[in-house]
Amino acid sequence: MDLKKLMQQIFAYNGPPTYKAFSLEETREENRLSVDGDIKGDTVADKTNRNKFKKPRRPQKSNTEREKTEEEARKENKEKNFSTSLEQNKEQMELLFHLPLNKDVVIRDFEVASSPPIPAFVIFLDGIASTAMINSNILEPLMFLSFIQAEQKDPVLNCKTALLKHLPANQVKEIYKYEEAVDAVTSGDSVIFLEGSNCAIACETKSFAARTVGKASSEQVVQGPQEGFVEAIRQNISLIRKIIHSENLITEMLQVGSRNKSKVAVMYLVDLANPELVKEVKRRISQLKADYIAEIGMLEEFIEDHPFALVPQCLKTERPDRVAAHLVEGKVAVIIDGSPFVLIVPVDFFAFLHSPEDYYVRFPYGFWLRVLRVAAIFLTLLLPAFYIAVATFHQEMIPTDLLLSISAAKERVPFPSVMEILSMELAFELIREAGVRVPGVIGATLGIVGTLILGQAAVSAAIVSPISIIIVAVTGLASFAIPNYSLAFGFRFMRFIFIFLASVLGFFGISTGLFVLLIVLLSMKSFGAPFFAPVAPRTARSTDIVMRFPIWTQEERPDFVQALDSRRQPKISRQWEKEKYAKGQSTNTEGEQDNGSK
Amino acid sequence: MEVSKIGEREAIAYLVTIVIAKVFLAYPAVLVGYAANAAWLVVLLSGLVTLFFINFVTKLVTSFPGKSFPEVCQTILGPYFGLVTACLPILGMLLEESLLLRNFSESMLVVALPETPLSVVMVCFLGACLVAVYLGIENIARASYISFPFTLAAILCITLLSFNAWKPDLLFPILGEGLFPILKAGLIRSSDYLELVNLYIIPFLFYPKQVKRIGQKSVVMVIGVFLVVILTYTMSFPFPVAEEPYLPLYTMARGVYLGHFIQRIEAIFVIFWVFAGLLLLSSGFYVLCIILAQILKLPDYKPLISPLAIITFALAFAPPSLSDVVYLSNYGVREWGWLIYYGIPIILLLVARLRGGDGQNESTQKES
Amino acid sequence: MRVRKKKVKAIAVWAVFAFCFITLTGCGSSFEPNEISLVQFIGIDQGKENLLDVSFLIAIPQNLAGENSKGGEGSFLVTVSAPTVFQAMRLANTFVGRRMSLIHAKGIIFSDLAAKSGLIAELLPSLLQYRETRGTAFVAVTEDDPAELLENFVPLLEANPSRYMELLTQNYRYTGYITSSQAQEIYNELKVLGTDSIVTLINLSSEELSKSEKQGDFRSGGSYVAGELPKKGGVEIQAIGGAVLKNGKMIATLNGNETMIANIVRGEFKSSLMALPSPDQKNDIINLEIFYARTPQISVRLSEEGVVIDLHLRFEGNVLGGGTTIDYALKKNRTRLEKEVARSIKKGVEEVVAKSQELKADFLNFGLKGRRLVSTVKDWNDLNWDNLYASAQVNVQVDFVVRRTSTIFKHAPITTDEVGEGEE
């Protein structure tokens with residue numbers, strides 16, 4: 001290459017760039033606001049109506065002449081009924097689905113093999129409608145069965161006859177509006193339009209790509225069922241129905257999200273769940289106005305009582321056995337399509353301490369596991385704060401030898417205790433977060449190795465004292481022992497508040513913090529049920545709060561649910577003990593016992 | 001002002017907690033000052049006196065179900081005298097609250113935080129109380145129900161673990177200061193159970209049917225706790241020494257020494273003491289707010305929280321030193337408080353009886 | 001939602017305000033563990049220059065508990081002349097870098113001059129009133145210089161002198177030669193009529209053993225006072241016996257046996273090993289481990305002459321054998337032994353009682369039982385117990401029962417020319 005050219009290219013100015021870099025400009029609406037609107041800080045908001053002087057509006061010209069925006073036009077079209085002309089229907093559907101732009105939508109024209117033949121078309125979304133089903137349940141019968149008699153006088157009846165007699169699909173529906181057709185197609189059904197009838201048939205042909213039922217990834221038990229929910233709502237409902245074979249188990253379907261239109265199922269046992277509760281759940285879900293609600297966590301935030309609280313008020317679980325157990329207690333389950341977690345309401349605080357394992361092992365072991373978890377909660381919340389309070393304020397509370405070793409360990413460390421603890425906590429949180437992202441086996445090892453090496457190196461470098469490492473490690477382990485993920489998160493967050501309080505005010509700060517925390521938790525409600533029931537307010541005696549008593553003693557349902565039938569076991573559930581065993585007699589137990597297992 | 005009612009167990013836990021919160025302060029030392037080592041006799045006597053007075057209290061509550069305390073006063077004594085009577089508890093409680101706030105904060109400084117400014121501790125106390133008061137009395141009662149077994153366990157721990165230092169001989173001479181001082185103290189010190197008057201000042205919190213049982217059971221439990229504490233305290237410390245400390249239970253906790261490891265357990269003391277103190281303070285504050293709101297016939301008590309907080313805070317700084325606070329709160333208010341607080345239900349019931357048909361029939365007519 | 005947003009904003013503002021308020025006023029009372037210097041013992045002597053000479057033994061954490069402990073001195077001693085102990089603490093801070101703190105002070109040691117001039121009664125109340133001092137610290141009196149004594153607290157088995165002394169002062173449970181003189185107990189006894197205190201006596205030891213060539217004579221182990229015991233090796237201190245305080249002043253010392261008897265009568269005795277010449281052969285010494293069979297029963301009554309105190313002590317014991325071949329497990333021999341032991345203990349008790357009556361100091365705490373004589377405090381004060389006790393008649397009754405004889409129940413004799421195998 002020419003040296004001069006090279007030099008020129010490198011050092012000289014070669015003119016402005018030949019292309020314009022893409023940048024996303026403000027929309028027309030925001031431009032208008034930036035001139036007219038109220039600038040507060042960095043955002044531009046519409047001027048408050050208070051200051052705006054409302055000009056009188058000129059009377060409008062008649063509606064038909066008014067310019068419609070494209071959006072308004074589409075909306076209006078949707079609400080129309082079908083026309084009887086096939087061509088018009090096809091045109092309208094193409095308009096609504098943005099054909100030929102949208103390559104997913106397929107319109108298949110065919111003729112129904114009746115005499116005379118009726119032109120028809122079927123419209124479906126490629127990928128979510130099962131082609132096999134369309135071929136065998138829709139196209140095959142309609143195109144091959146040639147003995148169908150077309151109705152000449154009333155073409156509408158064609159639709160109804162086809163529906164009743166000629167379509168061997170298991171779920172079909174008559175629809176009359178474009179809106180319904182759009183909804184049907186977007187949820188995987190196929191819609192069949194017939195010439196001359198203003199009704200169309202929506203046929204069930206859903207086949208979404210979905211995960212098969214596998215292990216519940218976030219709630220493992222050692223002894224117990226291993227199935228977990230998947231994303232498809234039908235399969236989840238079927239998993240629950242596998243456990244509760246009752247005609248009173250009701251599934252009501254609702255829809256949320258105006259753009260993604262997710263299906264939400266509300267399941268409950270109609271002879272147990274309080275009707276007011278069900279009504280409230282449905283009311284809250286149906287009155288949500290949002291664009292996109294696709295996951296149970298989002299839905300939970302939308303419908304819970306205290307969205308700003310640090311502890312959750314609804315239980316999210318991935319296990320069908322747990323959902324079934326809660327349903328049998330009179331609670332309501334909310335399932336959303338696309339999320340393998342199911343929401344259970346209303347729930348008391350102690351349900352977050354329960355794991356299904358407690359019920360599948362024998363009573364003393366379950367008892368012990370619960371005790372361990374309560375200890376884990378206190379450790380998570382209070383251990384670092386305790387250490388800081390004792391080491392900096394109340395050195396007289398620890399034995400002399402321990403104080404001397406803490407003091408000696410801190411000789412070379414340049415930071416105050418609070419800084420040590422906070423930096424180690426930060427490191428631990430980073431490792432935890434990093435471990436989530438690293439895939440597979442490396443993730444698990446990374447956590448352990450990272451903590452150990454990091455900790456050891458930090459101690460050798462005299463940046464922290466070894467006691468801080470122990471404290472932080474034990475706290476982290478304890479937070480893993482809390483069965484509910486959201487609750488663990490909440491307590492991890494609160495731990496920092498307690499560390500701050502302890503570093504400023506010692507034990508007094510910790511106690512005050514505990515008091516305020518307790519009072520705030522007590523005042524919370526979960527869907528109308530007090531959060532700490534049945535401990536406070538003290539309602540009926542319960543055998544399953546913190547400690548679990550044997551399963552044959554759990555005779556009543558939890559009181560706060562206000563179920564319609566509060567007795568679930570008679571006083572003697574082990575009826576086989578009642579009968580005396582007599583030689584030569586066959587022993588048949590009298591009653592079946594109705595155990596609810598969680 | 002919608003308040004949900006609390007059940008029997010919670011009510012008992014609530015009342016007992018707020019009465020025994022004073023055992024963490026100078027109460028044992030004060031009692032020893034009255035009757036030397038016969039302080040436990042004073043406890044028994046004052047408890048019996050209180051049981052007697054509680055009957056009147058519960059009778060007042062059950063005779064006027066559904067009415068608030070100012071309403072009851074005004075129904076019985078007429079609008080003006082009734083107003084005056086209803087205002088009496090306010091003054092007493094305001095004084096009591098500010099003295100308590102100061103006492104707890106100063107004791108905190110003595111025990112744990114010697115160099116923190118007093119106002120910081122007081123603001124923290126007050127802040128926590130305000131949150132609790134804002135969230136309502138049911139939550140305070142529930143919190144006391146949850147912490148009740150732990151508080152009791154802590155007190156038992158401290159008192160029973162010091163068994164090494166017990167000398168039963170120190171309980172003799174059996175009559176301490178003498179029979180007459182004991183009797184007098186037994187009567188006067190029934191005002192140590194004054195927090196039980198919440199039964200008739202905030203009657204909407206309790207179910208009227210249970211009030212009698214709640215009153216009696218609470219008094220019995222309080223007597224039990226006080227007895228244990230005072231007995232062990234006078235057995236561990238001879239009475240001239242026992243009169244001295246600001247915080248007798250703290251001194252006892254410090255003296256626990258069961259070998260090399262079980263010593264220095266006063267950490268337990270600090271935690272539960274702060275809890276009990278916060279419950280007592282929030283409860284007193286709530287009663288203050290609600291009485292004022294009821295007298296002024298306001299729909300809600302929440303706007304009164306901030307002004308009353310500021311007044312309490314300012315009043316709390318009035319006594320110049322901690323010993324003044326201890327003398328004022330233990331000897332000033334408490335020597336005459338029993339007359340006023342137990343006297344009010346007695347007078348009300350008497351006047352209601354005297355007015356005979358007028359007083360009570362009027363009230364029953366209004367309800368039906 | 002706007003209301004909720006405003007509410008959250010308000011809460012956030014208040015939270016920030018609270019945060020600032022709390023942090024800007026400073027974390028006043030927080031001290032890092034290595035910003036304080038831990039005083040382990042306090043030594044108080046009459047001052048030469050000022051009122052007091054106060055010595056503090058301060059721990060060096062690195063040497064006591066650090067990873068790279070150089071194994072050097074675990075603590076260092078400072079002595080300051082000052083009018084009071086607290087001023088001495090602050091004056092020590094003029095050259096000790098870290099703030100002096102008494103939160104882990106395990107012992108307060110007075111010199112005998114200080115004790116005799118009543119400094120214990122003067123200083124102990126103010127020390128206990130201070131929030132850092134603990135009532136469970138021990139109080140001791142030394143007849144040597146407290147500073148020198150503190151310098152000798154260099155333990156060999158433990159790293160930490162305070163742990164060593166804590167264990168040492170708890171030894172009363174199985175030796176009985178010292179009392180448990182915790183500061184709170186001494187303080188209580190100062191303020192109660194009818195009780196006087198015994199304070200542990202700790203002296204330096206001369207570290208020499210006698211060099212004579214023949215065997216010395218029998219001398220009961222507890223008859224030494226601190227400092228007299230011939231010993232060599234180990235830490236160079238001895239804690240035997242006690243100092244009697246009357247009205248806060250030291251008036252006498254007790255030797256080990258007397259202190260043991262005082263423990264016994266007070267009810268604070270746990271166990272001890274006695275050595276006693278056998279009743280049959282005076283040259284043979286029997287070892288006995290004695291315990292209470294029951295706590296001492298003391299009853300006090302008033303008669304025309306004055307106070308009559310009945311003291312009934314019951315012991316049980318474990319014979320550990322000795323030089324004798326007489327089998328004290330057999331009943332006929334056992335009774336003789338029991339009587340001899342009871343007689344010997346009774347003699348000891350009577351001697352101690354006589355001593356206490358002579359000193360007019362009721363350090364056996366009979367006054368605690370005397371409180372039952374009256375019914376009000378005023379009467380008790382009027383009773384003037386100290387004088388009453390000095391002229392009291394004390395009846396002592398001691399019982400001793402041999403429960404077991406350690407691991408063997410039959411003694412075989414040692415064979416000599418006269419005595420064969422297994423012969424009696």
# chains A, B, ... in the order shown; residues from 1 in each chain; ligands from 1

call {"tool": "interface_residues", "arguments": {"of": "chain A", "to": "chain B", "cutoff": "10 Å", "atoms": "only C-alpha atoms", "output": "ChimeraX atom specification"}}
result
/A:390,393-394,396-399,504-524,532,535-539

call {"tool": "residues_around", "arguments": {"residues": "Ile469 of chain A", "least_positions_apart": "5", "cutoff": "10 Å", "atoms": "only C-alpha atoms", "output": "PyMOL selection string"}}
result
chain A and resi 420-421+424-425+428+451-452+454-456+458-459+464+474-475

call {"tool": "closest_atom_pairs", "arguments": {"of": "chain C", "to": "chain B", "cutoff": "9 Å", "atoms": "only C-alpha atoms", "output": "JSON lines"}}
result
{"residue": "C:Ala18", "atom": "CA", "partner": "B:Cys124", "partner_atom": "CA", "distance": 9.0}
{"residue": "C:Phe21", "atom": "CA", "partner": "B:Val120", "partner_atom": "CA", "distance": 8.0}
{"residue": "C:Ile22", "atom": "CA", "partner": "B:Val120", "partner_atom": "CA", "distance": 6.9}
{"residue": "C:Thr25", "atom": "CA", "partner": "B:Val120", "partner_atom": "CA", "distance": 7.7}
{"residue": "C:Gly26", "atom": "CA", "partner": "B:Thr116", "partner_atom": "CA", "distance": 7.8}
{"residue": "C:Cys27", "atom": "CA", "partner": "B:Thr116", "partner_atom": "CA", "distance": 7.1}
{"residue": "C:Gly28", "atom": "CA", "partner": "B:Thr116", "partner_atom": "CA", "distance": 4.7}
{"residue": "C:Ser29", "atom": "CA", "partner": "B:Glu115", "partner_atom": "CA", "distance": 4.8}
{"residue": "C:Ser30", "atom": "CA", "partner": "B:Leu113", "partner_atom": "CA", "distance": 8.0}
{"residue": "C:Gln129", "atom": "CA", "partner": "B:Pro245", "partner_atom": "CA", "distance": 8.6}
{"residue": "C:Arg131", "atom": "CA", "partner": "B:Val111", "partner_atom": "CA", "distance": 7.2}
{"residue": "C:Arg134", "atom": "CA", "partner": "B:Arg254", "partner_atom": "CA", "distance": 7.0}
{"residue": "C:Gly135", "atom": "CA", "partner": "B:Gly255", "partner_atom": "CA", "distance": 6.1}
{"residue": "C:Thr136", "atom": "CA", "partner": "B:Gly255", "partner_atom": "CA", "distance": 6.1}
{"residue": "C:Arg163", "atom": "CA", "partner": "B:His260", "partner_atom": "CA", "distance": 8.9}
{"residue": "C:Glu166", "atom": "CA", "partner": "B:His260", "partner_atom": "CA", "distance": 8.2}
{"residue": "C:Leu167", "atom": "CA", "partner": "B:His260", "partner_atom": "CA", "distance": 8.5}
{"residue": "C:Gln170", "atom": "CA", "partner": "B:Gly259", "partner_atom": "CA", "distance": 8.9}
{"residue": "C:Gln184", "atom": "CA", "partner": "B:Gly255", "partner_atom": "CA", "distance": 8.0}
{"residue": "C:Glu185", "atom": "CA", "partner": "B:Ala165", "partner_atom": "CA", "distance": 8.5}
{"residue": "C:Tyr187", "atom": "CA", "partner": "B:Val241", "partner_atom": "CA", "distance": 8.3}
{"residue": "C:Asn188", "atom": "CA", "partner": "B:Val241", "partner_atom": "CA", "distance": 6.4}
{"residue": "C:Glu189", "atom": "CA", "partner": "B:Pro238", "partner_atom": "CA", "distance": 8.4}
{"residue": "C:Lys191", "atom": "CA", "partner": "B:Pro240", "partner_atom": "CA", "distance": 6.5}
{"residue": "C:Val192", "atom": "CA", "partner": "B:Pro238", "partner_atom": "CA", "distance": 6.8}
{"residue": "C:Leu368", "atom": "CA", "partner": "B:Asp169", "partner_atom": "CA", "distance": 5.7}
{"residue": "C:Lys369", "atom": "CA", "partner": "B:Asp169", "partner_atom": "CA", "distance": 6.3}
{"residue": "C:Gly370", "atom": "CA", "partner": "B:Asp169", "partner_atom": "CA", "distance": 8.9}
{"residue": "C:Arg371", "atom": "CA", "partner": "B:Pro173", "partner_atom": "CA", "distance": 5.4}
{"residue": "C:Arg372", "atom": "CA", "partner": "B:Pro173", "partner_atom": "CA", "distance": 5.6}
{"residue": "C:Leu373", "atom": "CA", "partner": "B:Pro173", "partner_atom": "CA", "distance": 7.5}
{"residue": "C:Val374", "atom": "CA", "partner": "B:Pro173", "partner_atom": "CA", "distance": 5.8}
{"residue": "C:Ser375", "atom": "CA", "partner": "B:Pro173", "partner_atom": "CA", "distance": 4.7}
{"residue": "C:Thr376", "atom": "CA", "partner": "B:Gly176", "partner_atom": "CA", "distance": 4.7}
{"residue": "C:Val377", "atom": "CA", "partner": "B:Gly176", "partner_atom": "CA", "distance": 5.3}
{"residue": "C:Lys378", "atom": "CA", "partner": "B:Glu177", "partner_atom": "CA", "distance": 7.0}
{"residue": "C:Asp379", "atom": "CA", "partner": "B:Pro173", "partner_atom": "CA", "distance": 8.8}
{"residue": "C:Trp380", "atom": "CA", "partner": "B:Pro173", "partner_atom": "CA", "distance": 7.5}

call {"tool": "write_last_selection", "arguments": {"atoms": "C-alpha atoms", "output": "PDB file, in the first residue's frame"}}
result
ATOM      1  CA  ALA C  18     -32.907   8.396  61.266  1.00  0.00           C
ATOM      2  CA  PHE C  21     -29.262  11.144  63.262  1.00  0.00           C
ATOM      3  CA  ILE C  22     -27.924   7.956  64.644  1.00  0.00           C
ATOM      4  CA  THR C  25     -24.113  11.562  66.882  1.00  0.00           C
ATOM      5  CA  GLY C  26     -21.354   9.045  66.843  1.00  0.00           C
ATOM      6  CA  CYS C  27     -21.200   5.462  67.938  1.00  0.00           C
ATOM      7  CA  GLY C  28     -20.275   6.833  71.294  1.00  0.00           C
ATOM      8  CA  SER C  29     -19.866   3.807  73.446  1.00  0.00           C
ATOM      9  CA  SER C  30     -18.362   1.411  70.997  1.00  0.00           C
ATOM     10  CA  GLN C 129     -20.479   1.067  92.396  1.00  0.00           C
ATOM     11  CA  ARG C 131     -20.204  -0.138  86.332  1.00  0.00           C
ATOM     12  CA  ARG C 134     -17.869  -7.206  88.717  1.00  0.00           C
ATOM     13  CA  GLY C 135     -19.069  -8.510  92.055  1.00  0.00           C
ATOM     14  CA  THR C 136     -17.625 -11.932  91.346  1.00  0.00           C
ATOM     15  CA  ARG C 163      -7.606 -17.934  84.495  1.00  0.00           C
ATOM     16  CA  GLU C 166      -9.693 -17.928  89.029  1.00  0.00           C
ATOM     17  CA  LEU C 167      -8.966 -21.611  89.328  1.00  0.00           C
ATOM     18  CA  GLN C 170     -11.914 -21.848  93.540  1.00  0.00           C
ATOM     19  CA  GLN C 184     -19.942  -8.828  96.536  1.00  0.00           C
ATOM     20  CA  GLU C 185     -19.926 -11.217  99.498  1.00  0.00           C
ATOM     21  CA  TYR C 187     -19.419  -6.037 100.633  1.00  0.00           C
ATOM     22  CA  ASN C 188     -22.617  -7.653 101.849  1.00  0.00           C
ATOM     23  CA  GLU C 189     -20.970  -8.816 105.020  1.00  0.00           C
ATOM     24  CA  LYS C 191     -23.155  -3.977 105.743  1.00  0.00           C
ATOM     25  CA  VAL C 192     -24.857  -6.715 107.703  1.00  0.00           C
ATOM     26  CA  LEU C 368     -27.096 -15.025 110.503  1.00  0.00           C
ATOM     27  CA  LYS C 369     -28.864 -17.586 112.619  1.00  0.00           C
ATOM     28  CA  GLY C 370     -29.220 -15.124 115.433  1.00  0.00           C
ATOM     29  CA  ARG C 371     -31.520 -13.069 113.262  1.00  0.00           C
ATOM     30  CA  ARG C 372     -34.259 -15.515 114.022  1.00  0.00           C
ATOM     31  CA  LEU C 373     -34.325 -14.429 117.634  1.00  0.00           C
ATOM     32  CA  VAL C 374     -36.176 -11.219 116.918  1.00  0.00           C
ATOM     33  CA  SER C 375     -38.959 -10.181 114.678  1.00  0.00           C
ATOM     34  CA  THR C 376     -38.077  -6.735 113.450  1.00  0.00           C
ATOM     35  CA  VAL C 377     -34.955  -5.074 112.231  1.00  0.00           C
ATOM     36  CA  LYS C 378     -35.022  -2.502 114.994  1.00  0.00           C
ATOM     37  CA  ASP C 379     -35.001  -5.235 117.615  1.00  0.00           C
ATOM     38  CA  TRP C 380     -32.098  -6.880 115.874  1.00  0.00           C
TER      39      TRP C 380
END

call {"tool": "interface_residues", "arguments": {"of": "chain A", "to": "chain C", "cutoff": "9 Å", "atoms": "only C-alpha atoms", "output": "PyMOL selection string"}}
result
chain A and resi 308+389+391-396+399-411+416-417+501+503-506

call {"tool": "write_last_selection", "arguments": {"atoms": "N, CA, C and O atoms", "output": "CSV table (one decimal), in the first residue's frame"}}
result
chain,number,residue,atom,x,y,z
A,308,PHE,N,-44.6,-3.7,49.7
A,308,PHE,CA,-43.3,-3.2,50.1
A,308,PHE,C,-42.7,-3.9,51.3
A,308,PHE,O,-41.6,-3.6,51.8
A,389,ALA,N,-22.1,-6.3,68.2
A,389,ALA,CA,-22.5,-5.7,69.5
A,389,ALA,C,-21.6,-6.2,70.6
A,389,ALA,O,-21.2,-5.4,71.4
A,391,ALA,N,-18.6,-7.5,70.4
A,391,ALA,CA,-17.1,-7.2,70.3
A,391,ALA,C,-16.9,-5.7,70.5
A,391,ALA,O,-15.8,-5.4,70.9
A,392,THR,N,-17.8,-4.9,70.2
A,392,THR,CA,-17.5,-3.5,70.3
A,392,THR,C,-18.2,-2.8,71.4
A,392,THR,O,-17.7,-1.8,71.9
A,393,PHE,N,-19.3,-3.3,71.9
A,393,PHE,CA,-20.0,-2.6,73.0
A,393,PHE,C,-19.9,-3.3,74.3
A,393,PHE,O,-19.6,-2.8,75.3
A,394,HIS,N,-20.1,-4.6,74.2
A,394,HIS,CA,-20.3,-5.3,75.5
A,394,HIS,C,-19.2,-6.4,75.6
A,394,HIS,O,-19.5,-7.6,75.7
A,395,GLN,N,-18.0,-5.9,75.7
A,395,GLN,CA,-16.9,-6.9,75.8
A,395,GLN,C,-17.0,-7.6,77.1
A,395,GLN,O,-16.3,-8.6,77.2
A,396,GLU,N,-17.8,-7.1,78.1
A,396,GLU,CA,-17.8,-7.9,79.3
A,396,GLU,C,-18.7,-9.1,79.2
A,396,GLU,O,-18.7,-9.9,80.2
A,399,PRO,N,-16.4,-14.5,77.6
A,399,PRO,CA,-15.4,-14.9,78.6
A,399,PRO,C,-14.0,-14.3,78.2
A,399,PRO,O,-13.8,-13.9,77.1
A,400,THR,N,-13.2,-14.2,79.2
A,400,THR,CA,-12.0,-13.4,79.1
A,400,THR,C,-11.1,-14.0,78.0
A,400,THR,O,-10.5,-13.3,77.2
A,401,ASP,N,-11.0,-15.4,78.0
A,401,ASP,CA,-10.2,-16.0,77.0
A,401,ASP,C,-10.6,-15.7,75.6
A,401,ASP,O,-9.7,-15.4,74.7
A,402,LEU,N,-11.9,-15.7,75.4
A,402,LEU,CA,-12.4,-15.4,74.0
A,402,LEU,C,-12.1,-14.0,73.7
A,402,LEU,O,-11.7,-13.7,72.5
A,403,LEU,N,-12.2,-13.1,74.6
A,403,LEU,CA,-12.0,-11.7,74.3
A,403,LEU,C,-10.5,-11.5,74.0
A,403,LEU,O,-10.1,-10.8,73.1
A,404,LEU,N,-9.6,-12.2,74.7
A,404,LEU,CA,-8.2,-12.1,74.4
A,404,LEU,C,-7.9,-12.6,73.1
A,404,LEU,O,-7.1,-12.0,72.3
A,405,SER,N,-8.5,-13.7,72.7
A,405,SER,CA,-8.2,-14.2,71.3
A,405,SER,C,-8.7,-13.4,70.2
A,405,SER,O,-8.1,-13.2,69.2
A,406,ILE,N,-9.9,-12.8,70.5
A,406,ILE,CA,-10.5,-11.9,69.5
A,406,ILE,C,-9.5,-10.7,69.3
A,406,ILE,O,-9.2,-10.2,68.2
A,407,SER,N,-9.1,-10.2,70.5
A,407,SER,CA,-8.3,-9.0,70.5
A,407,SER,C,-6.9,-9.3,69.8
A,407,SER,O,-6.5,-8.5,69.0
A,408,ALA,N,-6.4,-10.5,70.1
A,408,ALA,CA,-5.1,-10.8,69.5
A,408,ALA,C,-5.3,-11.0,68.0
A,408,ALA,O,-4.4,-10.5,67.2
A,409,ALA,N,-6.4,-11.6,67.6
A,409,ALA,CA,-6.6,-11.8,66.1
A,409,ALA,C,-6.8,-10.4,65.4
A,409,ALA,O,-6.5,-10.3,64.2
A,410,LYS,N,-7.3,-9.4,66.1
A,410,LYS,CA,-7.5,-8.2,65.5
A,410,LYS,C,-6.3,-7.3,65.5
A,410,LYS,O,-6.3,-6.2,65.0
A,411,GLU,N,-5.2,-7.7,66.1
A,411,GLU,CA,-4.1,-6.9,66.2
A,411,GLU,C,-3.6,-6.4,64.9
A,411,GLU,O,-3.2,-5.2,64.7
A,416,PRO,N,-12.1,-1.6,61.3
A,416,PRO,CA,-13.0,-1.9,62.5
A,416,PRO,C,-13.9,-3.1,62.2
A,416,PRO,O,-14.0,-3.5,61.1
A,417,SER,N,-14.5,-3.6,63.3
A,417,SER,CA,-15.2,-4.9,63.2
A,417,SER,C,-16.3,-4.8,62.1
A,417,SER,O,-16.6,-5.7,61.4
A,501,LEU,N,-27.8,-1.4,63.1
A,501,LEU,CA,-28.2,-1.0,64.4
A,501,LEU,C,-27.3,-1.5,65.5
A,501,LEU,O,-27.0,-0.7,66.5
A,503,SER,N,-24.1,-1.9,65.3
A,503,SER,CA,-22.8,-1.1,65.3
A,503,SER,C,-23.0,0.3,65.9
A,503,SER,O,-22.0,0.9,66.3
A,504,VAL,N,-24.2,0.7,65.9
A,504,VAL,CA,-24.4,2.1,66.5
A,504,VAL,C,-24.9,2.0,67.9
A,504,VAL,O,-24.5,2.8,68.8
A,505,LEU,N,-25.7,1.0,68.2
A,505,LEU,CA,-26.3,1.0,69.6
A,505,LEU,C,-26.2,-0.3,70.3
A,505,LEU,O,-26.8,-0.5,71.3
A,506,GLY,N,-25.4,-1.2,69.8
A,506,GLY,CA,-25.2,-2.5,70.6
A,506,GLY,C,-26.5,-3.3,70.8
A,506,GLY,O,-27.3,-3.3,69.9

call {"tool": "residues_around", "arguments": {"residues": "Gly127 of chain A", "least_positions_apart": "4", "cutoff": "9 Å", "atoms": "only C-alpha atoms", "output": "VMD selection string"}}
result
chain A and resid 104 131 188 207 to 209

call {"tool": "residues_around", "arguments": {"residues": "Ile240 of chain C", "least_positions_apart": "3", "cutoff": "6 Å", "atoms": "only C-alpha atoms", "output": "PyMOL selection string"}}
result
chain C and resi 177-178+225-226+256

call {"tool": "write_last_selection", "arguments": {"atoms": "N, CA and C atoms", "output": "mmCIF file, in the first residue's frame"}}
result
data_model
loop_
_atom_site.group_PDB
_atom_site.id
_atom_site.type_symbol
_atom_site.label_atom_id
_atom_site.label_comp_id
_atom_site.auth_asym_id
_atom_site.auth_seq_id
_atom_site.Cartn_x
_atom_site.Cartn_y
_atom_site.Cartn_z
ATOM 1 N N TYR C 177 -8.690 -24.695 102.559
ATOM 2 C CA TYR C 177 -7.721 -23.853 103.250
ATOM 3 C C TYR C 177 -7.944 -22.381 103.016
ATOM 4 N N ILE C 178 -8.750 -22.025 102.041
ATOM 5 C CA ILE C 178 -9.080 -20.617 101.823
ATOM 6 C C ILE C 178 -10.592 -20.522 101.711
ATOM 7 N N VAL C 225 0.257 -20.798 107.737
ATOM 8 C CA VAL C 225 -0.347 -19.582 107.212
ATOM 9 C C VAL C 225 0.367 -19.308 105.901
ATOM 10 N N ALA C 226 -0.261 -18.539 105.057
ATOM 11 C CA ALA C 226 0.344 -18.280 103.743
ATOM 12 C C ALA C 226 1.752 -17.739 103.915
ATOM 13 N N GLY C 256 -4.620 -22.338 107.861
ATOM 14 C CA GLY C 256 -5.436 -23.155 106.973
ATOM 15 C C GLY C 256 -6.521 -23.919 107.699
#

call {"tool": "residues_around", "arguments": {"residues": "Val402 of chain C", "least_positions_apart": "6", "cutoff": "6 Å", "atoms": "only C-alpha atoms", "output": "JSON, numbers by chain"}}
result
{"C": [316, 317, 318]}
